[in-house]
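Enquirer: What follows is target-v2.txt, made up of compact mmCIF, C-alpha atoms and all ligand atoms:
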```
# COMPACT_ATOMS: atom_id res chain seq x y z
CA MET V 1 87.19 143.87 55.43
CA SER V 2 89.40 146.35 57.21
CA ASP V 3 88.57 147.80 60.66
CA ILE V 4 89.85 151.25 59.69
CA THR V 5 87.20 153.90 59.11
CA VAL V 6 87.94 157.17 57.37
CA ARG V 7 85.96 159.99 58.98
CA ASN V 8 85.58 163.53 57.79
CA ILE V 9 84.76 165.51 60.92
CA GLU V 10 84.61 169.28 60.58
CA PHE V 11 86.37 170.49 63.71
CA ARG V 12 85.76 174.09 64.72
CA PHE V 13 88.90 176.17 64.63
CA GLU V 14 87.14 179.39 65.55
CA ASP V 15 88.83 182.73 66.04
CA ASP V 16 88.18 182.98 69.78
CA ILE V 17 90.20 179.81 70.58
CA ALA V 18 93.21 180.74 72.74
CA PHE V 19 96.78 179.65 71.98
CA GLN V 20 96.74 178.06 75.45
CA TRP V 21 93.42 176.28 75.00
CA ASN V 22 93.78 174.08 78.06
CA PRO V 23 93.73 176.03 81.37
CA GLY V 24 93.18 172.82 83.36
CA SER V 25 96.40 171.27 82.04
CA PRO V 26 98.54 173.83 80.21
CA ALA V 27 101.30 171.21 79.80
CA CYS V 28 98.86 169.08 77.81
CA GLY V 29 97.93 172.23 75.86
CA ASN V 30 101.62 172.79 75.04
CA MET V 31 102.07 169.17 73.94
CA ALA V 32 99.10 169.41 71.59
CA ASN V 33 100.26 172.73 70.12
CA VAL V 34 103.66 171.21 69.29
CA LEU V 35 101.92 168.14 67.84
CA THR V 36 99.85 170.41 65.58
CA PHE V 37 103.01 171.75 63.95
CA ILE V 38 104.86 168.41 63.66
CA ALA V 39 102.09 165.92 62.81
CA PRO V 40 101.16 167.18 59.33
CA ALA V 41 104.83 167.11 58.37
CA PHE V 42 105.40 163.51 59.44
CA GLU V 43 102.01 162.40 58.14
CA ARG V 44 102.85 163.80 54.69
CA TYR V 45 106.26 162.09 54.94
CA PHE V 46 104.54 158.75 55.74
CA ILE V 47 102.07 159.11 52.85
CA ARG V 48 104.83 159.94 50.35
CA ALA V 49 107.02 157.07 51.50
CA LEU V 50 104.10 154.64 51.44
CA ARG V 51 103.35 155.63 47.85
CA GLU V 52 106.79 154.24 47.03
CA ALA V 53 106.25 151.15 49.22
CA LEU V 54 102.79 150.23 47.97
CA PRO V 55 103.86 148.44 44.73
CA LEU V 56 106.14 146.20 46.83
CA ILE V 57 103.35 145.04 49.18
CA THR V 58 102.12 141.62 48.07
CA ASP V 59 99.52 141.11 50.82
CA GLU V 60 96.16 142.39 49.57
CA LYS V 61 94.65 143.09 53.01
CA LEU V 62 97.77 145.00 54.07
CA ALA V 63 97.70 147.05 50.86
CA GLN V 64 94.08 147.93 51.58
CA ASP V 65 94.98 148.93 55.16
CA VAL V 66 97.82 151.11 53.86
CA ASP V 67 95.36 152.94 51.64
CA LEU V 68 93.00 153.57 54.59
CA PHE V 69 95.94 154.49 56.85
CA CYS V 70 96.99 157.17 54.34
CA LYS V 71 93.43 158.49 54.13
CA GLN V 72 93.15 158.74 57.92
CA GLU V 73 96.54 160.46 58.17
CA GLY V 74 95.42 162.84 55.41
CA GLN V 75 92.36 163.78 57.48
CA HIS V 76 94.55 164.34 60.55
CA SER V 77 96.82 166.64 58.55
CA LYS V 78 93.86 168.58 57.17
CA SER V 79 92.66 169.41 60.70
CA HIS V 80 96.15 170.16 62.03
CA PHE V 81 96.62 172.55 59.10
CA ALA V 82 93.36 174.28 60.04
CA HIS V 83 94.66 174.64 63.61
CA ILE V 84 97.96 176.00 62.25
CA ALA V 85 96.04 178.47 60.05
CA LEU V 86 94.22 179.76 63.14
CA LEU V 87 97.54 180.26 64.94
CA THR V 88 99.43 181.80 62.01
CA LYS V 89 96.62 184.30 61.49
CA ARG V 90 97.27 185.51 65.02
CA TYR V 91 101.06 185.00 65.02
CA PRO V 92 102.19 185.34 61.36
CA GLY V 93 105.82 184.45 62.23
CA LEU V 94 104.72 180.87 62.89
CA GLU V 95 104.39 180.38 59.14
CA GLU V 96 108.20 180.25 59.09
CA THR V 97 108.10 177.56 61.81
CA ARG V 98 105.58 175.48 59.85
CA GLN V 99 107.81 175.69 56.78
CA GLN V 100 110.96 174.74 58.73
CA VAL V 101 109.34 171.55 60.04
CA MET V 102 108.05 170.66 56.56
CA ASP V 103 111.53 171.24 55.10
CA SER V 104 113.08 169.04 57.76
CA TYR V 105 110.82 166.11 56.75
CA ASP V 106 111.39 166.79 53.05
CA GLN V 107 115.14 166.47 53.69
CA LEU V 108 114.57 163.25 55.63
CA LEU V 109 112.63 161.82 52.67
CA LYS V 110 115.26 162.92 50.18
CA ASN V 111 118.34 161.78 52.12
CA ASN V 112 117.27 158.28 53.18
CA ASP V 113 116.02 155.08 51.59
CA LEU V 114 112.64 153.35 51.82
CA LYS V 115 113.79 150.96 54.55
CA PHE V 116 114.73 153.90 56.74
CA HIS V 117 111.37 155.62 56.12
CA MET V 118 109.43 152.46 56.99
CA ALA V 119 111.46 151.94 60.19
CA TYR V 120 111.01 155.60 61.21
CA MET V 121 107.27 155.38 60.57
CA ALA V 122 106.86 152.06 62.42
CA ASN V 123 108.80 153.32 65.44
CA LEU V 124 106.91 156.58 65.68
CA GLU V 125 103.51 154.97 65.15
CA LEU V 126 104.27 152.32 67.80
CA PHE V 127 104.96 155.06 70.32
CA ILE V 128 101.67 156.89 69.67
CA THR V 129 99.45 154.08 71.04
CA PRO V 130 100.99 154.05 74.57
CA LEU V 131 100.85 157.84 74.61
CA GLY V 132 97.18 157.80 73.58
CA GLU V 133 96.39 155.16 76.19
CA PHE V 134 98.10 157.28 78.86
CA LEU V 135 96.27 160.47 77.84
CA ILE V 136 92.90 158.71 77.89
CA ALA V 137 93.64 157.08 81.27
CA ASN V 138 94.02 160.66 82.56
CA LEU V 139 91.26 162.16 80.46
CA GLU V 140 89.65 164.30 83.14
CA LYS V 141 92.91 165.59 84.58
CA LEU V 142 94.46 166.39 81.18
CA PHE V 143 91.43 167.49 79.15
CA GLY V 144 88.61 168.01 81.68
CA LYS V 145 88.98 171.80 81.84
CA SER V 146 89.91 172.73 78.32
CA ASP V 147 88.41 174.19 75.16
CA ARG V 148 86.45 171.25 73.81
CA ARG V 149 86.88 172.37 70.20
CA ILE V 150 90.61 171.58 70.41
CA ALA V 151 90.37 168.76 72.98
CA SER V 152 87.87 166.86 70.80
CA PHE V 153 90.12 167.27 67.79
CA ILE V 154 93.28 166.07 69.58
CA LEU V 155 91.45 163.12 71.18
CA TRP V 156 89.99 162.10 67.80
CA HIS V 157 93.51 162.00 66.38
CA PHE V 158 94.70 159.66 69.16
CA ILE V 159 91.58 157.49 68.80
CA GLU V 160 92.15 156.95 65.09
CA GLU V 161 95.77 156.16 65.88
CA PHE V 162 94.38 153.24 67.93
CA GLU V 163 92.45 152.14 64.90
CA HIS V 164 95.43 151.99 62.56
CA ARG V 165 98.09 151.22 65.17
CA SER V 166 99.40 148.03 63.58
CA VAL V 167 99.64 149.14 59.93
CA ALA V 168 103.11 150.72 60.00
CA ILE V 169 104.81 147.86 61.87
CA ASP V 170 103.03 145.32 59.66
CA VAL V 171 104.37 147.07 56.56
CA TYR V 172 107.89 147.17 57.99
CA ASN V 173 107.80 143.50 58.95
CA HIS V 174 106.25 142.51 55.61
CA LEU V 175 108.90 144.34 53.57
CA TYR V 176 112.00 143.99 55.77
CA GLY V 177 111.44 142.35 59.16
CA ASP V 178 114.93 143.49 60.18
CA TYR V 179 114.48 143.97 63.91
CA PHE V 180 117.96 145.33 64.70
CA TYR V 181 117.75 147.94 61.98
CA ARG V 182 114.43 149.14 63.40
CA LEU V 183 115.87 149.24 66.92
CA LYS V 184 118.93 151.18 65.80
CA ASN V 185 116.71 153.73 64.10
CA GLU V 186 114.42 154.17 67.10
CA PHE V 187 116.98 156.58 68.51
CA VAL V 188 117.45 158.34 65.19
CA MET V 189 113.67 158.86 65.04
CA MET V 190 113.49 160.16 68.63
CA ARG V 191 116.33 162.60 68.06
CA HIS V 192 114.66 163.88 64.92
CA VAL V 193 111.12 164.21 66.32
CA TYR V 194 111.87 165.55 69.78
CA GLY V 195 115.21 167.21 69.18
CA GLU V 196 115.06 168.64 65.69
CA ALA V 197 111.36 169.07 64.84
CA GLY V 198 110.18 169.65 68.44
CA GLY V 199 113.08 172.07 68.99
CA MET V 200 112.10 174.08 65.90
CA VAL V 201 108.51 174.39 67.07
CA ASN V 202 109.39 175.48 70.60
CA GLU V 203 111.90 177.99 69.22
CA GLY V 204 109.19 179.34 66.94
CA PHE V 205 106.72 179.63 69.81
CA PHE V 206 109.24 181.56 71.94
CA LYS V 207 110.05 183.83 69.02
CA HIS V 208 106.55 184.55 67.78
CA VAL V 209 104.05 183.92 70.60
CA PRO V 210 104.17 186.40 73.52
CA ALA V 211 104.76 184.74 76.90
CA ARG V 212 101.59 186.43 78.21
CA ASP V 213 99.51 184.24 75.86
CA ASN V 214 100.50 181.14 77.84
CA SER V 215 100.21 180.43 81.57
CA ILE V 216 103.48 178.42 81.62
CA PRO V 217 106.60 178.53 79.39
CA HIS V 218 105.79 177.31 75.87
CA ASP V 219 108.14 174.33 76.19
CA ASP V 220 107.04 173.21 79.68
CA ASN V 221 105.55 169.70 79.46
CA SER V 222 106.36 168.60 83.00
CA GLY V 223 102.74 168.85 84.17
CA LEU V 224 101.78 166.18 81.69
CA PHE V 225 102.98 163.50 84.10
CA GLN V 226 102.63 165.10 87.55
CA GLY V 227 99.76 163.60 89.53
CA THR V 228 98.70 161.31 86.70
CA VAL V 229 97.91 157.60 86.81
CA GLY V 230 99.39 154.89 84.59
CA ARG V 231 102.91 156.34 84.27
CA GLY V 232 104.53 152.95 84.97
CA ARG V 233 102.26 151.26 82.45
CA PHE V 234 103.07 153.94 79.88
CA LEU V 235 106.81 153.46 80.35
CA LEU V 236 106.52 149.69 80.23
CA HIS V 237 104.36 149.89 77.14
CA CYS V 238 106.94 152.13 75.42
CA LEU V 239 109.70 149.65 76.30
CA LYS V 240 107.63 146.77 74.96
CA THR V 241 107.44 148.47 71.55
CA LEU V 242 111.22 147.99 71.38
CA THR V 243 110.96 144.21 71.52
CA PRO V 244 110.93 142.11 68.32
CA TRP V 245 107.69 140.30 69.20
CA TYR V 246 105.65 143.41 70.00
CA ASP V 247 102.13 143.29 68.58
CA PRO V 248 100.17 146.56 68.97
CA ASP V 249 96.88 144.73 68.38
CA ALA V 250 97.44 142.84 71.65
CA ILE V 251 96.78 146.15 73.45
CA LYS V 252 93.10 146.54 74.03
CA ALA V 253 91.76 150.02 73.36
CA PRO V 254 90.44 151.73 76.54
CA ALA V 255 86.68 151.49 77.13
CA TRP V 256 86.35 155.23 76.52
CA VAL V 257 87.66 154.70 72.98
CA ASP V 258 85.01 152.03 72.32
CA GLN V 259 82.38 154.44 73.62
CA TRP V 260 83.71 157.15 71.30
CA PHE V 261 83.27 154.78 68.32
CA LYS V 262 79.72 153.94 69.40
CA ASP V 263 78.79 157.62 69.84
CA ASP V 264 80.32 158.47 66.48
CA LEU V 265 78.22 155.76 64.82
CA GLY V 266 75.20 156.98 66.78
CA GLY V 267 75.50 160.44 65.20
CA ALA V 268 76.89 162.46 68.15
CA ASP V 269 78.69 165.73 67.35
CA MET V 270 82.28 164.49 67.64
CA ALA V 271 83.69 167.97 66.96
CA VAL V 272 82.66 169.02 70.50
CA TYR V 273 82.59 165.59 72.14
CA TYR V 274 84.78 166.20 75.20
CA PRO V 275 84.57 167.95 77.66
CA ALA V 276 80.78 168.00 77.67
CA LYS V 277 80.47 171.78 78.03
CA PRO V 278 82.15 174.86 76.55
CA LEU V 279 85.08 176.17 78.62
CA GLY V 280 83.09 179.12 80.01
CA GLU V 281 80.53 176.73 81.55
CA LEU V 282 82.97 174.27 83.14
FE FE D 301 97.79 160.78 62.53
FE FE D 302 99.19 157.32 62.58
```
Let me see the file written as structure tokens.
Ligand SMILES: [Fe+2]
Ligand SMILES: [Fe+2]

Expert:
Amino acid sequence: MSDITVRNIEFRFEDDIAFQWNPGSPACGNMANVLTFIAPAFERYFIRALREALPLITDEKLAQDVDLFCKQEGQHSKSHFAHIALLTKRYPGLEETRQQVMDSYDQLLKNNDLKFHMAYMANLELFITPLGEFLIANLEKLFGKSDRRIASFILWHFIEEFEHRSVAIDVYNHLYGDYFYRLKNEFVMMRHVYGEAGGMVNEGFFKHVPARDNSIPHDDNSGLFQGTVGRGRFLLHCLKTLTPWYDPDAIKAPAWVDQWFKDDLGGADMAVYYPAKPLGEL
């Protein structure tokens, strides 16, 4: 039995949600807006590459996990696309940005081999767990005064990333296990995600979203770390992912994540889970 659960939560991407949905931490708001435009592109890239990898996987449990991994990533993409649709309705030029990021990942898929795709996916997925752990360690500071319709959606994405955190590295190690190749491509992945894809999104935001619709510059993420706890742990955790023996399952999910799972099973409305009240009442 796999521990990965596929959930179909209907998040509420309603018309009154602001571009800058997080007045308490606009830097966190900016980070999530960029993620919304990049994540569906890399999630589709992962799913397509895994379709090619699946026949080569001889471990039955791993093959089952890959299937559930793809289903979870598909759900993440569906919600990010709904968030994008909300933003492109208001700023139609962002459709061009969405397409540019998609095209960039299509090129990546076309121009590289399966080993590269699996290394890229493993490296990126390994980085998401420390980031999620850091965000949750600073939950109140980063999400405490934000629109809960977007906060709950973004937090759900990071929580499910905890759930499937070991699948990508397990696939890479099962098929290749070539540590130095993975390490070499860590920097290729970072340049592509943060430089190319992230650069495209920020350029699109500056071009199509008026500065008055944000309280800080669209590309300002500096506040994400100022005054937060666990920065050293986050850095150390990121560095650990670069070691050959790194096992993401050795990282225990924060207690808040376990509570989220319990509340989800208990029937709570996860689409407006955190913060507890609508923005106007905080
Ligand atoms: Fe995801
Ligand atoms: Fe993922």

Enquirer: Of the candidates V:Leu282, V:Ile47, V:Leu94, V:Ala268, which one gets nearest to ligand FE 301 (chain D) if we count only C-alpha atoms and all ligand atoms?

Expert: V:Ile47

Enquirer: CA of Leu50 in chain V to CA of Arg98 in chain V: how many Å, to one decimal?

Expert: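 Here the two named atoms are 22.5 Å from each other.
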
Enquirer: Residues within 10 Å of ligand FE 302 (chain D) (all atoms listed in the file), as a PyMOL selection string?

Expert: chain V and resi 39+42-43+46+69-70+72-74+76+121-122+124-129+157-168

Enquirer: Produce a file of the selected residues containing C-alpha atoms, as a PDB file, in the coordinates of the input.

Expert:
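To be explicit, this is the file written out as again.pdb:
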```
ATOM      1  CA  ALA V  39     102.090 165.920  62.810  1.00  0.00           C
ATOM      2  CA  PHE V  42     105.400 163.510  59.440  1.00  0.00           C
ATOM      3  CA  GLU V  43     102.010 162.400  58.140  1.00  0.00           C
ATOM      4  CA  PHE V  46     104.540 158.750  55.740  1.00  0.00           C
ATOM      5  CA  PHE V  69      95.940 154.490  56.850  1.00  0.00           C
ATOM      6  CA  CYS V  70      96.990 157.170  54.340  1.00  0.00           C
ATOM      7  CA  GLN V  72      93.150 158.740  57.920  1.00  0.00           C
ATOM      8  CA  GLU V  73      96.540 160.460  58.170  1.00  0.00           C
ATOM      9  CA  GLY V  74      95.420 162.840  55.410  1.00  0.00           C
ATOM     10  CA  HIS V  76      94.550 164.340  60.550  1.00  0.00           C
ATOM     11  CA  MET V 121     107.270 155.380  60.570  1.00  0.00           C
ATOM     12  CA  ALA V 122     106.860 152.060  62.420  1.00  0.00           C
ATOM     13  CA  LEU V 124     106.910 156.580  65.680  1.00  0.00           C
ATOM     14  CA  GLU V 125     103.510 154.970  65.150  1.00  0.00           C
ATOM     15  CA  LEU V 126     104.270 152.320  67.800  1.00  0.00           C
ATOM     16  CA  PHE V 127     104.960 155.060  70.320  1.00  0.00           C
ATOM     17  CA  ILE V 128     101.670 156.890  69.670  1.00  0.00           C
ATOM     18  CA  THR V 129      99.450 154.080  71.040  1.00  0.00           C
ATOM     19  CA  HIS V 157      93.510 162.000  66.380  1.00  0.00           C
ATOM     20  CA  PHE V 158      94.700 159.660  69.160  1.00  0.00           C
ATOM     21  CA  ILE V 159      91.580 157.490  68.800  1.00  0.00           C
ATOM     22  CA  GLU V 160      92.150 156.950  65.090  1.00  0.00           C
ATOM     23  CA  GLU V 161      95.770 156.160  65.880  1.00  0.00           C
ATOM     24  CA  PHE V 162      94.380 153.240  67.930  1.00  0.00           C
ATOM     25  CA  GLU V 163      92.450 152.140  64.900  1.00  0.00           C
ATOM     26  CA  HIS V 164      95.430 151.990  62.560  1.00  0.00           C
ATOM     27  CA  ARG V 165      98.090 151.220  65.170  1.00  0.00           C
ATOM     28  CA  SER V 166      99.400 148.030  63.580  1.00  0.00           C
ATOM     29  CA  VAL V 167      99.640 149.140  59.930  1.00  0.00           C
ATOM     30  CA  ALA V 168     103.110 150.720  60.000  1.00  0.00           C
TER      31      ALA V 168
END
```

Enquirer: Pick from V:Leu62, V:Leu155, V:Ala53, V:Ala250: nearest to ligand FE 301 (chain D), with only C-alpha atoms and all ligand atoms counted?

Expert: V:Leu155

Enquirer: With distances taken over only C-alpha atoms, which of V:Pro92, V:Pro278, V:Gly199, V:Gly266 is nearest to Asp219 in chain V?

Expert: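 Counting only C-alpha atoms, the residue closest to Asp219 in chain V is V:Gly199.
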
Enquirer: Name the residues in contact with Leu86 in chain V at a cut-off of 8 Å, using only C-alpha atoms, excluding same-chain residues fewer than 2 positions from it; report them as a ChimeraX atom specification.

Expert: /V:13-15,82-84,88-90

Enquirer: Limited to C-alpha atoms, could you put the picked residues into a file as an mmCIF file, in the frame of the given file?

Expert:
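Okay, out_32.cif is ready:
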```cif
data_model
loop_
_atom_site.group_PDB
_atom_site.id
_atom_site.type_symbol
_atom_site.label_atom_id
_atom_site.label_comp_id
_atom_site.auth_asym_id
_atom_site.auth_seq_id
_atom_site.Cartn_x
_atom_site.Cartn_y
_atom_site.Cartn_z
ATOM 1 C CA PHE V 13 88.900 176.170 64.630
ATOM 2 C CA GLU V 14 87.140 179.390 65.550
ATOM 3 C CA ASP V 15 88.830 182.730 66.040
ATOM 4 C CA ALA V 82 93.360 174.280 60.040
ATOM 5 C CA HIS V 83 94.660 174.640 63.610
ATOM 6 C CA ILE V 84 97.960 176.000 62.250
ATOM 7 C CA THR V 88 99.430 181.800 62.010
ATOM 8 C CA LYS V 89 96.620 184.300 61.490
ATOM 9 C CA ARG V 90 97.270 185.510 65.020
#
```

Enquirer: So how many Å separate CA of Asn138 in chain V and CA of Arg231 in chain V, to one decimal?

Expert: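 Value for the CA of Asn138 in chain V-CA of Arg231 in chain V distance: 10.0 Å.
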
Enquirer: Of the candidates V:Phe143, V:Phe19, V:Phe11, V:Phe153, which shows the shortest atom-to-atom distance to ligand FE 301 (chain D), using all atoms listed in the file?

Expert: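 Checking each of V:Phe143, V:Phe19, V:Phe11, V:Phe153 against ligand FE 301 (chain D), counting all atoms listed in the file, the winner is V:Phe153.
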
Enquirer: Skip Gly29 in chain V itself and residues of its chain fewer than 2 positions away, then list as a ChimeraX atom specification all residues within 10 Å of it, counting all atoms listed in the file.

Expert: /V:19-27,31-35,142-143,146-147,150-151,154,214,218,220-221,224

Enquirer: Rank V:Leu54, V:Ala41, V:Ile17, V:Leu135 by their smallest atom-to-atom distance to ligand FE 301 (chain D), using all atoms listed in the file, and report the top residue only.

Expert: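 Ranking V:Leu54, V:Ala41, V:Ile17, V:Leu135 by distance to ligand FE 301 (chain D), first place goes to V:Ala41.
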
Enquirer: Between V:Lys252, V:Val257, V:Tyr45, V:Met200, single out the one closest to ligand FE 301 (chain D), counting only C-alpha atoms and all ligand atoms.

Expert: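 Of V:Lys252, V:Val257, V:Tyr45, V:Met200, the one nearest ligand FE 301 (chain D) is V:Tyr45, counting only C-alpha atoms and all ligand atoms.
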
Enquirer: Ala276 in chain V: which residues within 10 Å, counting only C-alpha atoms, same-chain residues fewer than 6 positions away excluded, as a VMD selection string?

Expert: chain V and resid 144 to 145 148 152 282

Enquirer: Mind listing whatever residues come within 7 Å of the point (94.6, 165.2, 89.1)? Use all atoms listed in the file, file coordinates, and give them as a PyMOL selection string.

Expert: chain V and resi 141+227-228

Enquirer: Counting only C-alpha atoms, note down every residue that has an atom within 8 Å of the point (110.7, 162.6, 63.6) (file coordinates), as a VMD selection string.

Expert: chain V and resid 42 105 120 124 189 to 194 196 to 197

Enquirer: Using CA of Asp113 in chain V and CA of Val66 in chain V as the two end points, give the distance in Å to one decimal.

Expert: 18.8 Å

Enquirer: Could I get range 8-31 of chain V rebuilt with N, CA and C atoms, written as a PDB file, in the coordinates of the input?

Expert:
```
ATOM      1  N   ASN V   8      85.324 162.144  58.180  1.00  0.00           N
ATOM      2  CA  ASN V   8      85.580 163.530  57.790  1.00  0.00           C
ATOM      3  C   ASN V   8      84.822 164.435  58.755  1.00  0.00           C
ATOM      4  N   ILE V   9      85.439 164.698  59.893  1.00  0.00           N
ATOM      5  CA  ILE V   9      84.760 165.510  60.920  1.00  0.00           C
ATOM      6  C   ILE V   9      85.212 166.965  60.762  1.00  0.00           C
ATOM      7  N   GLU V  10      84.253 167.860  60.723  1.00  0.00           N
ATOM      8  CA  GLU V  10      84.610 169.280  60.580  1.00  0.00           C
ATOM      9  C   GLU V  10      84.836 169.871  61.974  1.00  0.00           C
ATOM     10  N   PHE V  11      86.067 169.890  62.405  1.00  0.00           N
ATOM     11  CA  PHE V  11      86.370 170.490  63.710  1.00  0.00           C
ATOM     12  C   PHE V  11      86.273 172.009  63.594  1.00  0.00           C
ATOM     13  N   ARG V  12      86.062 172.646  64.750  1.00  0.00           N
ATOM     14  CA  ARG V  12      85.760 174.090  64.720  1.00  0.00           C
ATOM     15  C   ARG V  12      86.954 174.906  65.213  1.00  0.00           C
ATOM     16  N   PHE V  13      87.725 175.369  64.275  1.00  0.00           N
ATOM     17  CA  PHE V  13      88.900 176.170  64.630  1.00  0.00           C
ATOM     18  C   PHE V  13      88.495 177.646  64.583  1.00  0.00           C
ATOM     19  N   GLU V  14      87.726 178.053  65.568  1.00  0.00           N
ATOM     20  CA  GLU V  14      87.140 179.390  65.550  1.00  0.00           C
ATOM     21  C   GLU V  14      88.077 180.426  66.164  1.00  0.00           C
ATOM     22  N   ASP V  15      87.879 181.668  65.718  1.00  0.00           N
ATOM     23  CA  ASP V  15      88.830 182.730  66.040  1.00  0.00           C
ATOM     24  C   ASP V  15      89.027 183.003  67.535  1.00  0.00           C
ATOM     25  N   ASP V  16      88.043 182.665  68.352  1.00  0.00           N
ATOM     26  CA  ASP V  16      88.180 182.980  69.780  1.00  0.00           C
ATOM     27  C   ASP V  16      88.946 181.894  70.553  1.00  0.00           C
ATOM     28  N   ILE V  17      89.447 180.869  69.871  1.00  0.00           N
ATOM     29  CA  ILE V  17      90.200 179.810  70.580  1.00  0.00           C
ATOM     30  C   ILE V  17      91.581 180.356  70.965  1.00  0.00           C
ATOM     31  N   ALA V  18      91.928 180.201  72.247  1.00  0.00           N
ATOM     32  CA  ALA V  18      93.210 180.740  72.740  1.00  0.00           C
ATOM     33  C   ALA V  18      94.369 179.851  72.315  1.00  0.00           C
ATOM     34  N   PHE V  19      95.568 180.444  72.221  1.00  0.00           N
ATOM     35  CA  PHE V  19      96.780 179.650  71.980  1.00  0.00           C
ATOM     36  C   PHE V  19      96.869 178.585  73.074  1.00  0.00           C
ATOM     37  N   GLN V  20      96.778 179.025  74.341  1.00  0.00           N
ATOM     38  CA  GLN V  20      96.740 178.060  75.450  1.00  0.00           C
ATOM     39  C   GLN V  20      95.278 177.714  75.682  1.00  0.00           C
ATOM     40  N   TRP V  21      94.837 176.658  75.034  1.00  0.00           N
ATOM     41  CA  TRP V  21      93.420 176.280  75.000  1.00  0.00           C
ATOM     42  C   TRP V  21      93.038 175.379  76.162  1.00  0.00           C
ATOM     43  N   ASN V  22      94.025 175.067  77.009  1.00  0.00           N
ATOM     44  CA  ASN V  22      93.780 174.080  78.060  1.00  0.00           C
ATOM     45  C   ASN V  22      94.179 174.609  79.442  1.00  0.00           C
ATOM     46  N   PRO V  23      93.361 175.480  80.058  1.00  0.00           N
ATOM     47  CA  PRO V  23      93.730 176.030  81.370  1.00  0.00           C
ATOM     48  C   PRO V  23      93.844 174.982  82.464  1.00  0.00           C
ATOM     49  N   GLY V  24      93.116 173.874  82.346  1.00  0.00           N
ATOM     50  CA  GLY V  24      93.180 172.820  83.360  1.00  0.00           C
ATOM     51  C   GLY V  24      94.489 172.045  83.334  1.00  0.00           C
ATOM     52  N   SER V  25      95.113 171.959  82.174  1.00  0.00           N
ATOM     53  CA  SER V  25      96.400 171.270  82.040  1.00  0.00           C
ATOM     54  C   SER V  25      97.197 171.940  80.923  1.00  0.00           C
ATOM     55  N   PRO V  26      97.807 173.108  81.258  1.00  0.00           N
ATOM     56  CA  PRO V  26      98.540 173.830  80.210  1.00  0.00           C
ATOM     57  C   PRO V  26      99.676 173.004  79.591  1.00  0.00           C
ATOM     58  N   ALA V  27     100.232 172.053  80.359  1.00  0.00           N
ATOM     59  CA  ALA V  27     101.300 171.210  79.800  1.00  0.00           C
ATOM     60  C   ALA V  27     100.737 170.350  78.665  1.00  0.00           C
ATOM     61  N   CYS V  28      99.522 169.858  78.863  1.00  0.00           N
ATOM     62  CA  CYS V  28      98.860 169.080  77.810  1.00  0.00           C
ATOM     63  C   CYS V  28      98.557 169.995  76.620  1.00  0.00           C
ATOM     64  N   GLY V  29      98.171 171.239  76.923  1.00  0.00           N
ATOM     65  CA  GLY V  29      97.930 172.230  75.860  1.00  0.00           C
ATOM     66  C   GLY V  29      99.199 172.458  75.047  1.00  0.00           C
ATOM     67  N   ASN V  30     100.336 172.595  75.743  1.00  0.00           N
ATOM     68  CA  ASN V  30     101.620 172.790  75.040  1.00  0.00           C
ATOM     69  C   ASN V  30     101.943 171.591  74.159  1.00  0.00           C
ATOM     70  N   MET V  31     101.758 170.390  74.699  1.00  0.00           N
ATOM     71  CA  MET V  31     102.070 169.170  73.940  1.00  0.00           C
ATOM     72  C   MET V  31     101.259 169.137  72.640  1.00  0.00           C
TER      73      MET V  31
END
```
